[in-house]
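*Asks:* This is the content of my_file_39.tsv (TSV, N, CA and C atoms):
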```
chain	number	residue	atom	x	y	z
A	147	MET	N	109.47	71.92	-134.58
A	147	MET	CA	109.22	72.30	-133.22
A	147	MET	C	110.55	72.62	-132.52
A	148	PHE	N	111.53	71.77	-132.75
A	148	PHE	CA	112.84	72.01	-132.15
A	148	PHE	C	113.42	73.36	-132.58
A	149	LEU	N	113.30	73.67	-133.87
A	149	LEU	CA	113.82	74.95	-134.37
A	149	LEU	C	113.07	76.12	-133.74
A	150	GLY	N	111.78	75.98	-133.50
A	150	GLY	CA	111.00	77.04	-132.87
A	150	GLY	C	111.47	77.30	-131.45
A	151	LEU	N	111.67	76.23	-130.67
A	151	LEU	CA	112.16	76.38	-129.30
A	151	LEU	C	113.57	76.95	-129.28
A	152	ALA	N	114.40	76.48	-130.17
A	152	ALA	CA	115.78	76.97	-130.22
A	152	ALA	C	115.81	78.45	-130.53
A	153	SER	N	114.96	78.91	-131.42
A	153	SER	CA	114.95	80.33	-131.77
A	153	SER	C	114.44	81.18	-130.61
A	154	ILE	N	113.49	80.67	-129.82
A	154	ILE	CA	112.99	81.40	-128.66
A	154	ILE	C	114.09	81.56	-127.62
A	155	PHE	N	114.80	80.47	-127.31
A	155	PHE	CA	115.89	80.53	-126.33
A	155	PHE	C	117.02	81.43	-126.81
A	156	THR	N	117.33	81.40	-128.08
A	156	THR	CA	118.38	82.24	-128.64
A	156	THR	C	118.01	83.70	-128.54
A	157	ALA	N	116.77	84.03	-128.86
A	157	ALA	CA	116.31	85.42	-128.78
A	157	ALA	C	116.33	85.91	-127.33
A	158	ASN	N	115.92	85.06	-126.41
A	158	ASN	CA	115.91	85.42	-124.99
A	158	ASN	C	117.33	85.65	-124.48
A	159	ALA	N	118.26	84.83	-124.87
A	159	ALA	CA	119.65	84.97	-124.44
A	159	ALA	C	120.26	86.25	-124.99
A	160	ALA	N	119.90	86.64	-126.18
A	160	ALA	CA	120.45	87.85	-126.77
A	160	ALA	C	119.97	89.11	-126.04
A	161	VAL	N	118.78	89.04	-125.44
A	161	VAL	CA	118.21	90.20	-124.74
A	161	VAL	C	118.95	90.46	-123.42
A	162	ASN	N	119.44	89.42	-122.76
A	162	ASN	CA	120.11	89.56	-121.47
A	162	ASN	C	121.49	90.19	-121.65
A	163	SER	N	121.75	91.25	-120.88
A	163	SER	CA	123.06	91.89	-120.94
A	163	SER	C	124.03	91.14	-120.03
A	164	ASP	N	125.30	91.41	-120.22
A	164	ASP	CA	126.32	90.78	-119.37
A	164	ASP	C	126.10	91.12	-117.91
A	165	ASP	N	125.73	92.38	-117.63
A	165	ASP	CA	125.50	92.80	-116.24
A	165	ASP	C	124.34	92.03	-115.60
A	166	GLU	N	123.26	91.82	-116.36
A	166	GLU	CA	122.13	91.07	-115.83
A	166	GLU	C	122.53	89.63	-115.51
A	167	ILE	N	123.30	89.05	-116.38
A	167	ILE	CA	123.75	87.67	-116.18
A	167	ILE	C	124.66	87.59	-114.96
A	168	LYS	N	125.61	88.53	-114.84
A	168	LYS	CA	126.52	88.54	-113.71
A	168	LYS	C	125.76	88.71	-112.39
A	169	SER	N	124.74	89.54	-112.39
A	169	SER	CA	123.99	89.74	-111.14
A	169	SER	C	123.21	88.49	-110.75
A	170	ARG	N	122.74	87.73	-111.73
A	170	ARG	CA	121.99	86.51	-111.41
A	170	ARG	C	122.88	85.37	-110.92
A	171	ILE	N	124.12	85.35	-111.35
A	171	ILE	CA	124.99	84.24	-110.95
A	171	ILE	C	126.00	84.64	-109.88
A	172	ALA	N	125.86	85.85	-109.34
A	172	ALA	CA	126.77	86.31	-108.28
A	172	ALA	C	126.58	85.49	-107.02
A	173	PRO	N	127.63	85.31	-106.22
A	173	PRO	CA	127.51	84.57	-104.96
A	173	PRO	C	126.52	85.27	-104.03
A	174	ILE	N	125.83	84.49	-103.20
A	174	ILE	CA	124.86	85.08	-102.29
A	174	ILE	C	125.46	85.42	-100.94
A	175	GLY	N	126.69	85.07	-100.70
A	175	GLY	CA	127.32	85.35	-99.42
A	175	GLY	C	128.81	85.55	-99.58
A	176	LYS	N	129.45	85.86	-98.46
A	176	LYS	CA	130.89	86.04	-98.44
A	176	LYS	C	131.47	85.19	-97.32
A	177	VAL	N	132.71	84.80	-97.47
A	177	VAL	CA	133.39	84.01	-96.46
A	177	VAL	C	134.34	84.93	-95.71
A	178	HIS	N	134.32	84.84	-94.39
A	178	HIS	CA	135.26	85.60	-93.57
A	178	HIS	C	136.15	84.61	-92.84
A	179	ILE	N	137.43	84.75	-93.02
A	179	ILE	CA	138.40	83.85	-92.40
A	179	ILE	C	138.84	84.45	-91.07
A	180	ALA	N	138.81	83.65	-90.03
A	180	ALA	CA	139.19	84.13	-88.69
A	180	ALA	C	140.56	84.77	-88.75
A	181	GLY	N	140.66	85.94	-88.12
A	181	GLY	CA	141.92	86.66	-88.08
A	181	GLY	C	142.10	87.64	-89.22
A	182	ALA	N	141.33	87.49	-90.29
A	182	ALA	CA	141.43	88.42	-91.40
A	182	ALA	C	140.63	89.67	-91.07
A	183	LYS	N	141.07	90.79	-91.58
A	183	LYS	CA	140.36	92.04	-91.32
A	183	LYS	C	139.09	92.08	-92.16
A	184	ALA	N	137.97	92.27	-91.48
A	184	ALA	CA	136.68	92.32	-92.16
A	184	ALA	C	136.46	93.70	-92.74
A	185	GLU	N	135.63	93.77	-93.78
A	185	GLU	CA	135.21	95.07	-94.27
A	185	GLU	C	134.40	95.71	-93.15
A	186	THR	N	134.64	96.97	-92.89
A	186	THR	CA	134.04	97.56	-91.71
A	186	THR	C	133.01	98.64	-91.98
A	187	ALA	N	132.85	99.08	-93.17
A	187	ALA	CA	131.84	100.10	-93.43
A	187	ALA	C	131.18	99.82	-94.77
A	188	SER	N	129.97	100.30	-94.89
A	188	SER	CA	129.26	100.09	-96.14
A	188	SER	C	129.89	100.95	-97.24
A	189	ALA	N	129.65	100.58	-98.47
A	189	ALA	CA	130.24	101.29	-99.59
A	189	ALA	C	129.78	102.75	-99.65
A	190	GLY	N	128.62	103.05	-99.10
A	190	GLY	CA	128.10	104.40	-99.13
A	190	GLY	C	128.59	105.26	-98.00
A	191	GLY	N	129.53	104.81	-97.22
A	191	GLY	CA	130.02	105.55	-96.07
A	191	GLY	C	129.37	105.05	-94.80
A	192	PRO	N	129.76	105.64	-93.68
A	192	PRO	CA	129.22	105.17	-92.40
A	192	PRO	C	127.72	105.43	-92.29
A	193	ARG	N	127.03	104.49	-91.65
A	193	ARG	CA	125.60	104.61	-91.43
A	193	ARG	C	125.36	105.26	-90.08
A	194	SER	N	124.22	105.87	-89.91
A	194	SER	CA	123.90	106.54	-88.65
A	194	SER	C	123.55	105.51	-87.57
A	195	GLY	N	123.63	105.97	-86.33
A	195	GLY	CA	123.25	105.11	-85.22
A	195	GLY	C	121.80	104.66	-85.32
A	196	ALA	N	120.92	105.56	-85.78
A	196	ALA	CA	119.50	105.22	-85.95
A	196	ALA	C	119.33	104.15	-87.03
A	197	ASP	N	120.11	104.25	-88.11
A	197	ASP	CA	120.03	103.23	-89.17
A	197	ASP	C	120.49	101.87	-88.66
A	198	ILE	N	121.61	101.86	-87.95
A	198	ILE	CA	122.12	100.59	-87.41
A	198	ILE	C	121.12	100.01	-86.42
A	199	TYR	N	120.61	100.83	-85.51
A	199	TYR	CA	119.63	100.36	-84.54
A	199	TYR	C	118.41	99.77	-85.26
A	200	GLY	N	117.91	100.49	-86.25
A	200	GLY	CA	116.70	100.06	-86.95
A	200	GLY	C	116.85	98.78	-87.75
A	201	THR	N	118.07	98.46	-88.16
A	201	THR	CA	118.25	97.25	-88.96
A	201	THR	C	118.85	96.08	-88.18
A	202	ALA	N	119.71	96.38	-87.21
A	202	ALA	CA	120.43	95.30	-86.54
A	202	ALA	C	120.13	95.16	-85.06
A	203	CYS	N	119.87	96.23	-84.38
A	203	CYS	CA	119.77	96.19	-82.91
A	203	CYS	C	118.34	96.03	-82.40
A	204	VAL	N	117.40	96.53	-83.18
A	204	VAL	CA	116.01	96.60	-82.73
A	204	VAL	C	115.44	95.24	-82.33
A	205	ALA	N	115.87	94.18	-82.97
A	205	ALA	CA	115.32	92.85	-82.69
A	205	ALA	C	115.45	92.47	-81.23
A	206	CYS	N	116.57	92.80	-80.61
A	206	CYS	CA	116.78	92.45	-79.20
A	206	CYS	C	116.58	93.63	-78.26
A	207	HIS	N	117.02	94.82	-78.67
A	207	HIS	CA	117.02	95.95	-77.77
A	207	HIS	C	115.67	96.66	-77.67
A	208	SER	N	114.71	96.31	-78.51
A	208	SER	CA	113.39	96.93	-78.38
A	208	SER	C	112.59	96.28	-77.25
A	209	SER	N	112.81	94.99	-77.03
A	209	SER	CA	112.02	94.27	-76.02
A	209	SER	C	112.86	93.67	-74.90
A	210	GLY	N	114.18	93.76	-74.99
A	210	GLY	CA	115.04	93.23	-73.93
A	210	GLY	C	115.28	91.74	-74.02
A	211	VAL	N	115.35	91.21	-75.23
A	211	VAL	CA	115.56	89.77	-75.44
A	211	VAL	C	116.84	89.31	-74.72
A	212	LEU	N	116.74	88.25	-73.95
A	212	LEU	CA	117.85	87.64	-73.22
A	212	LEU	C	118.64	88.65	-72.38
A	213	GLY	N	117.94	89.61	-71.82
A	213	GLY	CA	118.58	90.59	-70.93
A	213	GLY	C	119.21	91.77	-71.62
A	214	ALA	N	118.97	91.95	-72.91
A	214	ALA	CA	119.52	93.11	-73.62
A	214	ALA	C	118.90	94.39	-73.04
A	215	PRO	N	119.71	95.43	-72.81
A	215	PRO	CA	119.14	96.67	-72.31
A	215	PRO	C	118.21	97.28	-73.37
A	216	LYS	N	117.03	97.69	-72.95
A	216	LYS	CA	116.04	98.22	-73.88
A	216	LYS	C	116.39	99.64	-74.33
A	217	PHE	N	115.93	99.98	-75.50
A	217	PHE	CA	116.16	101.27	-76.13
A	217	PHE	C	115.78	102.41	-75.19
A	218	GLN	N	116.72	103.27	-74.89
A	218	GLN	CA	116.56	104.46	-74.07
A	218	GLN	C	115.85	104.19	-72.74
A	219	ASP	N	116.15	103.04	-72.13
A	219	ASP	CA	115.60	102.68	-70.83
A	219	ASP	C	116.72	102.90	-69.80
A	220	ALA	N	116.59	103.96	-69.02
A	220	ALA	CA	117.64	104.36	-68.08
A	220	ALA	C	117.96	103.26	-67.08
A	221	ALA	N	116.94	102.56	-66.59
A	221	ALA	CA	117.17	101.51	-65.59
A	221	ALA	C	117.99	100.36	-66.17
A	222	ASP	N	117.76	100.04	-67.43
A	222	ASP	CA	118.52	98.95	-68.07
A	222	ASP	C	119.96	99.37	-68.38
A	223	TRP	N	120.15	100.61	-68.80
A	223	TRP	CA	121.46	101.05	-69.24
A	223	TRP	C	122.37	101.52	-68.11
A	224	ALA	N	121.79	102.01	-67.01
A	224	ALA	CA	122.59	102.61	-65.93
A	224	ALA	C	123.71	101.70	-65.41
A	225	PRO	N	123.42	100.43	-65.06
A	225	PRO	CA	124.52	99.60	-64.54
A	225	PRO	C	125.63	99.37	-65.57
A	226	ARG	N	125.28	99.37	-66.83
A	226	ARG	CA	126.29	99.15	-67.87
A	226	ARG	C	127.12	100.42	-68.07
A	227	LEU	N	126.45	101.57	-68.11
A	227	LEU	CA	127.14	102.82	-68.34
A	227	LEU	C	127.99	103.24	-67.15
A	228	GLU	N	127.68	102.73	-65.96
A	228	GLU	CA	128.52	103.01	-64.78
A	228	GLU	C	129.93	102.47	-64.97
A	229	LYS	N	130.07	101.43	-65.79
A	229	LYS	CA	131.39	100.85	-66.07
A	229	LYS	C	132.15	101.67	-67.10
A	230	GLY	N	131.48	102.65	-67.68
A	230	GLY	CA	132.11	103.51	-68.68
A	230	GLY	C	131.63	103.17	-70.08
A	231	PHE	N	131.49	104.22	-70.88
A	231	PHE	CA	131.00	104.03	-72.25
A	231	PHE	C	131.93	103.13	-73.05
A	232	ASP	N	133.25	103.30	-72.86
A	232	ASP	CA	134.19	102.48	-73.62
A	232	ASP	C	134.04	100.99	-73.32
A	233	THR	N	133.69	100.65	-72.09
A	233	THR	CA	133.46	99.25	-71.73
A	233	THR	C	132.22	98.72	-72.44
A	234	VAL	N	131.16	99.52	-72.45
A	234	VAL	CA	129.93	99.12	-73.15
A	234	VAL	C	130.23	98.93	-74.64
A	235	TRP	N	130.98	99.87	-75.20
A	235	TRP	CA	131.33	99.82	-76.62
A	235	TRP	C	132.16	98.57	-76.93
A	236	GLN	N	133.18	98.27	-76.13
A	236	GLN	CA	134.00	97.09	-76.36
A	236	GLN	C	133.20	95.80	-76.18
A	237	ASN	N	132.27	95.79	-75.22
A	237	ASN	CA	131.41	94.61	-75.05
A	237	ASN	C	130.54	94.39	-76.28
A	238	ALA	N	130.06	95.47	-76.88
A	238	ALA	CA	129.25	95.34	-78.09
A	238	ALA	C	130.09	94.84	-79.26
A	239	ILE	N	131.32	95.30	-79.35
A	239	ILE	CA	132.21	94.87	-80.43
A	239	ILE	C	132.61	93.41	-80.26
A	240	ASN	N	132.96	93.03	-79.03
A	240	ASN	CA	133.49	91.69	-78.77
A	240	ASN	C	132.43	90.66	-78.36
A	241	GLY	N	131.25	91.14	-77.99
A	241	GLY	CA	130.19	90.26	-77.52
A	241	GLY	C	130.25	90.08	-76.02
A	242	ILE	N	129.09	89.89	-75.42
A	242	ILE	CA	129.01	89.68	-73.98
A	242	ILE	C	127.72	88.92	-73.69
A	243	ASN	N	127.81	87.96	-72.78
A	243	ASN	CA	126.66	87.12	-72.41
A	243	ASN	C	126.01	86.55	-73.67
A	244	ALA	N	124.72	86.81	-73.88
A	244	ALA	CA	124.02	86.23	-75.04
A	244	ALA	C	124.25	87.02	-76.33
A	245	MET	N	124.86	88.20	-76.21
A	245	MET	CA	125.08	89.04	-77.40
A	245	MET	C	126.35	88.60	-78.11
A	246	PRO	N	126.22	88.22	-79.39
A	246	PRO	CA	127.41	87.85	-80.15
A	246	PRO	C	128.22	89.10	-80.51
A	247	PRO	N	129.46	88.93	-80.92
A	247	PRO	CA	130.24	90.09	-81.35
A	247	PRO	C	129.49	90.89	-82.42
A	248	ARG	N	129.42	92.20	-82.19
A	248	ARG	CA	128.74	93.13	-83.10
A	248	ARG	C	127.24	92.87	-83.22
A	249	GLY	N	126.69	92.14	-82.28
A	249	GLY	CA	125.25	91.86	-82.30
A	249	GLY	C	124.87	91.13	-83.57
A	250	THR	N	123.93	91.67	-84.30
A	250	THR	CA	123.56	91.06	-85.58
A	250	THR	C	124.05	91.89	-86.75
A	251	CYS	N	125.06	92.72	-86.52
A	251	CYS	CA	125.59	93.61	-87.58
A	251	CYS	C	127.05	93.28	-87.85
A	252	ALA	N	127.29	92.16	-88.48
A	252	ALA	CA	128.65	91.71	-88.75
A	252	ALA	C	129.42	92.67	-89.64
A	253	ASP	N	128.72	93.47	-90.45
A	253	ASP	CA	129.42	94.39	-91.35
A	253	ASP	C	129.53	95.80	-90.79
A	254	CYS	N	129.18	95.99	-89.53
A	254	CYS	CA	129.29	97.32	-88.90
A	254	CYS	C	130.73	97.62	-88.52
A	255	SER	N	131.13	98.87	-88.75
A	255	SER	CA	132.44	99.32	-88.29
A	255	SER	C	132.36	99.60	-86.79
A	256	ASP	N	133.51	99.76	-86.17
A	256	ASP	CA	133.53	100.10	-84.75
A	256	ASP	C	132.79	101.42	-84.50
A	257	ASP	N	132.99	102.38	-85.40
A	257	ASP	CA	132.32	103.68	-85.25
A	257	ASP	C	130.80	103.55	-85.40
A	258	GLU	N	130.35	102.67	-86.28
A	258	GLU	CA	128.91	102.46	-86.44
A	258	GLU	C	128.31	101.80	-85.20
A	259	ILE	N	129.06	100.87	-84.59
A	259	ILE	CA	128.60	100.26	-83.33
A	259	ILE	C	128.50	101.35	-82.26
A	260	LYS	N	129.49	102.20	-82.21
A	260	LYS	CA	129.49	103.30	-81.24
A	260	LYS	C	128.27	104.21	-81.47
A	261	ALA	N	128.00	104.54	-82.71
A	261	ALA	CA	126.86	105.40	-83.04
A	261	ALA	C	125.55	104.75	-82.64
A	262	ALA	N	125.44	103.44	-82.80
A	262	ALA	CA	124.21	102.73	-82.42
A	262	ALA	C	124.01	102.78	-80.91
A	263	ILE	N	125.08	102.59	-80.15
A	263	ILE	CA	124.99	102.66	-78.68
A	263	ILE	C	124.62	104.08	-78.26
A	264	GLU	N	125.23	105.07	-78.87
A	264	GLU	CA	124.90	106.46	-78.56
A	264	GLU	C	123.42	106.74	-78.84
A	265	HIS	N	122.92	106.18	-79.94
A	265	HIS	CA	121.51	106.35	-80.27
A	265	HIS	C	120.61	105.68	-79.23
A	266	MET	N	120.97	104.47	-78.79
A	266	MET	CA	120.15	103.75	-77.80
A	266	MET	C	120.20	104.38	-76.42
A	267	THR	N	121.25	105.15	-76.14
A	267	THR	CA	121.39	105.74	-74.80
A	267	THR	C	121.19	107.25	-74.81
A	268	GLU	N	120.81	107.79	-75.93
A	268	GLU	CA	120.65	109.24	-76.06
A	268	GLU	C	119.64	109.77	-75.03
A	269	GLY	N	120.03	110.81	-74.33
A	269	GLY	CA	119.14	111.44	-73.37
A	269	GLY	C	119.07	110.79	-72.01
A	270	LEU	N	119.86	109.74	-71.78
A	270	LEU	CA	119.82	109.07	-70.47
A	270	LEU	C	120.77	109.74	-69.50
```
Would you mind writing the file's structure down as structure tokens?

*Replies:*
Amino acid sequence: MFLGLASIFTANAAVNSDDEIKSRIAPIGKVHIAGAKAETASAGGPRSGADIYGTACVACHSSGVLGAPKFQDAADWAPRLEKGFDTVWQNAINGINAMPPRGTCADCSDDEIKAAIEHMTEGL
């Protein structure tokens, strides 16, 4: 019986490639040390404002959670945009009130944050 089990495990191990094994034992997260420069763009290049909004911003900006300005809502965005787009952009990067820095998109570049804001304010 022992030999039968051993042969099954041996055969199974031989089927797994090095890449499959590496992917299963890869870390599930990354550590960011304060002050160190974070990776700022995805490996595939910059993402569109619509992509960033759809994955990171929609949770708060679709319904106005904790006072977040709602998507393409002129009344919500007007007082913020009166201070200038660059101020809105810097607030999104650095965080303001209940919004943490970069919202929920820690891996977004500054340009991707800008694109997301442009998408949320398009046509206003």

*Asks:* Mind pulling up the distance from CA of Ala202 in chain A to CA of Cys251 in chain A?

*Replies:*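 Distance between the two atoms: 5.5 Å.
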
*Asks:* Would you list the contacts of Leu270 in chain A as a CSV table (one decimal) with N, CA and C atoms, in the coordinates of the input, taking every protein, DNA or RNA residue within 8 Å and counting only C-alpha atoms, but skipping same-chain residues closer than 4 positions in sequence?

*Replies:*
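Full text of out_39.csv as output:
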```csv
chain,number,residue,atom,x,y,z
A,218,GLN,N,116.7,103.3,-74.9
A,218,GLN,CA,116.6,104.5,-74.1
A,218,GLN,C,115.8,104.2,-72.7
A,219,ASP,N,116.2,103.0,-72.1
A,219,ASP,CA,115.6,102.7,-70.8
A,219,ASP,C,116.7,102.9,-69.8
A,220,ALA,N,116.6,104.0,-69.0
A,220,ALA,CA,117.6,104.4,-68.1
A,220,ALA,C,118.0,103.3,-67.1
```

*Asks:* By how many Å are CA of Ala238 in chain A and atom C of Ala180 in chain A apart?

*Replies:* 18.8 Å

*Asks:* What's the separation between atom N of Gly200 in chain A and atom C of Glu258 in chain A, in Å to one decimal place?

*Replies:*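 Going from atom N of Gly200 in chain A over to atom C of Glu258 in chain A covers 10.5 Å.
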
*Asks:* I'd like to know which of A:His178, A:Gly213, A:Ile263, A:Tyr199 is closest to Val234 in chain A, using all atoms listed in the file.

*Replies:*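 Looking only at the distances to Val234 in chain A, the closest residue turns out to be A:Ile263.
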
*Asks:* Extract, using only N, CA and C atoms, all DNA, RNA and protein residues at most 7 Å from range 192-196 of chain A, discarding same-chain residues fewer than 2 positions from it, and format them as an NGL selection string.

*Replies:* :A and (187-190 or 198-201 or 258 or 260-266)

*Asks:* Could I get range 208-231 of chain A rebuilt with N, CA, C and O atoms, written as a compact mmCIF listing (two decimals), keeping the file's coordinate frame?

*Replies:*
```txt
# COMPACT_ATOMS: atom_id res chain seq x y z
N SER A 208 114.71 96.31 -78.51
CA SER A 208 113.39 96.93 -78.38
C SER A 208 112.59 96.28 -77.25
O SER A 208 111.81 96.94 -76.57
N SER A 209 112.81 94.99 -77.03
CA SER A 209 112.02 94.27 -76.02
C SER A 209 112.86 93.67 -74.90
O SER A 209 112.32 93.10 -73.97
N GLY A 210 114.18 93.76 -74.99
CA GLY A 210 115.04 93.23 -73.93
C GLY A 210 115.28 91.74 -74.02
O GLY A 210 115.44 91.06 -73.01
N VAL A 211 115.35 91.21 -75.23
CA VAL A 211 115.56 89.77 -75.44
C VAL A 211 116.84 89.31 -74.72
O VAL A 211 117.89 89.94 -74.84
N LEU A 212 116.74 88.25 -73.95
CA LEU A 212 117.85 87.64 -73.22
C LEU A 212 118.64 88.65 -72.38
O LEU A 212 119.86 88.57 -72.27
N GLY A 213 117.94 89.61 -71.82
CA GLY A 213 118.58 90.59 -70.93
C GLY A 213 119.21 91.77 -71.62
O GLY A 213 119.92 92.55 -70.98
N ALA A 214 118.97 91.95 -72.91
CA ALA A 214 119.52 93.11 -73.62
C ALA A 214 118.90 94.39 -73.04
O ALA A 214 117.70 94.44 -72.80
N PRO A 215 119.71 95.43 -72.81
CA PRO A 215 119.14 96.67 -72.31
C PRO A 215 118.21 97.28 -73.37
O PRO A 215 118.57 97.36 -74.54
N LYS A 216 117.03 97.69 -72.95
CA LYS A 216 116.04 98.22 -73.88
C LYS A 216 116.39 99.64 -74.33
O LYS A 216 117.03 100.40 -73.61
N PHE A 217 115.93 99.98 -75.50
CA PHE A 217 116.16 101.27 -76.13
C PHE A 217 115.78 102.41 -75.19
O PHE A 217 114.65 102.49 -74.71
N GLN A 218 116.72 103.27 -74.89
CA GLN A 218 116.56 104.46 -74.07
C GLN A 218 115.85 104.19 -72.74
O GLN A 218 115.09 105.01 -72.25
N ASP A 219 116.15 103.04 -72.13
CA ASP A 219 115.60 102.68 -70.83
C ASP A 219 116.72 102.90 -69.80
O ASP A 219 117.67 102.12 -69.71
N ALA A 220 116.59 103.96 -69.02
CA ALA A 220 117.64 104.36 -68.08
C ALA A 220 117.96 103.26 -67.08
O ALA A 220 119.12 103.02 -66.75
N ALA A 221 116.94 102.56 -66.59
CA ALA A 221 117.17 101.51 -65.59
C ALA A 221 117.99 100.36 -66.17
O ALA A 221 118.81 99.77 -65.47
N ASP A 222 117.76 100.04 -67.43
CA ASP A 222 118.52 98.95 -68.07
C ASP A 222 119.96 99.37 -68.38
O ASP A 222 120.89 98.57 -68.26
N TRP A 223 120.15 100.61 -68.80
CA TRP A 223 121.46 101.05 -69.24
C TRP A 223 122.37 101.52 -68.11
O TRP A 223 123.59 101.46 -68.22
N ALA A 224 121.79 102.01 -67.01
CA ALA A 224 122.59 102.61 -65.93
C ALA A 224 123.71 101.70 -65.41
O ALA A 224 124.86 102.14 -65.33
N PRO A 225 123.42 100.43 -65.06
CA PRO A 225 124.52 99.60 -64.54
C PRO A 225 125.63 99.37 -65.57
O PRO A 225 126.79 99.20 -65.20
N ARG A 226 125.28 99.37 -66.83
CA ARG A 226 126.29 99.15 -67.87
C ARG A 226 127.12 100.42 -68.07
O ARG A 226 128.34 100.36 -68.19
N LEU A 227 126.45 101.57 -68.11
CA LEU A 227 127.14 102.82 -68.34
C LEU A 227 127.99 103.24 -67.15
O LEU A 227 128.95 104.01 -67.31
N GLU A 228 127.68 102.73 -65.96
CA GLU A 228 128.52 103.01 -64.78
C GLU A 228 129.93 102.47 -64.97
O GLU A 228 130.89 103.00 -64.41
N LYS A 229 130.07 101.43 -65.79
CA LYS A 229 131.39 100.85 -66.07
C LYS A 229 132.15 101.67 -67.10
O LYS A 229 133.31 101.39 -67.38
N GLY A 230 131.48 102.65 -67.68
CA GLY A 230 132.11 103.51 -68.68
C GLY A 230 131.63 103.17 -70.08
O GLY A 230 131.39 102.01 -70.41
N PHE A 231 131.49 104.22 -70.88
CA PHE A 231 131.00 104.03 -72.25
C PHE A 231 131.93 103.13 -73.05
O PHE A 231 131.48 102.29 -73.83
```
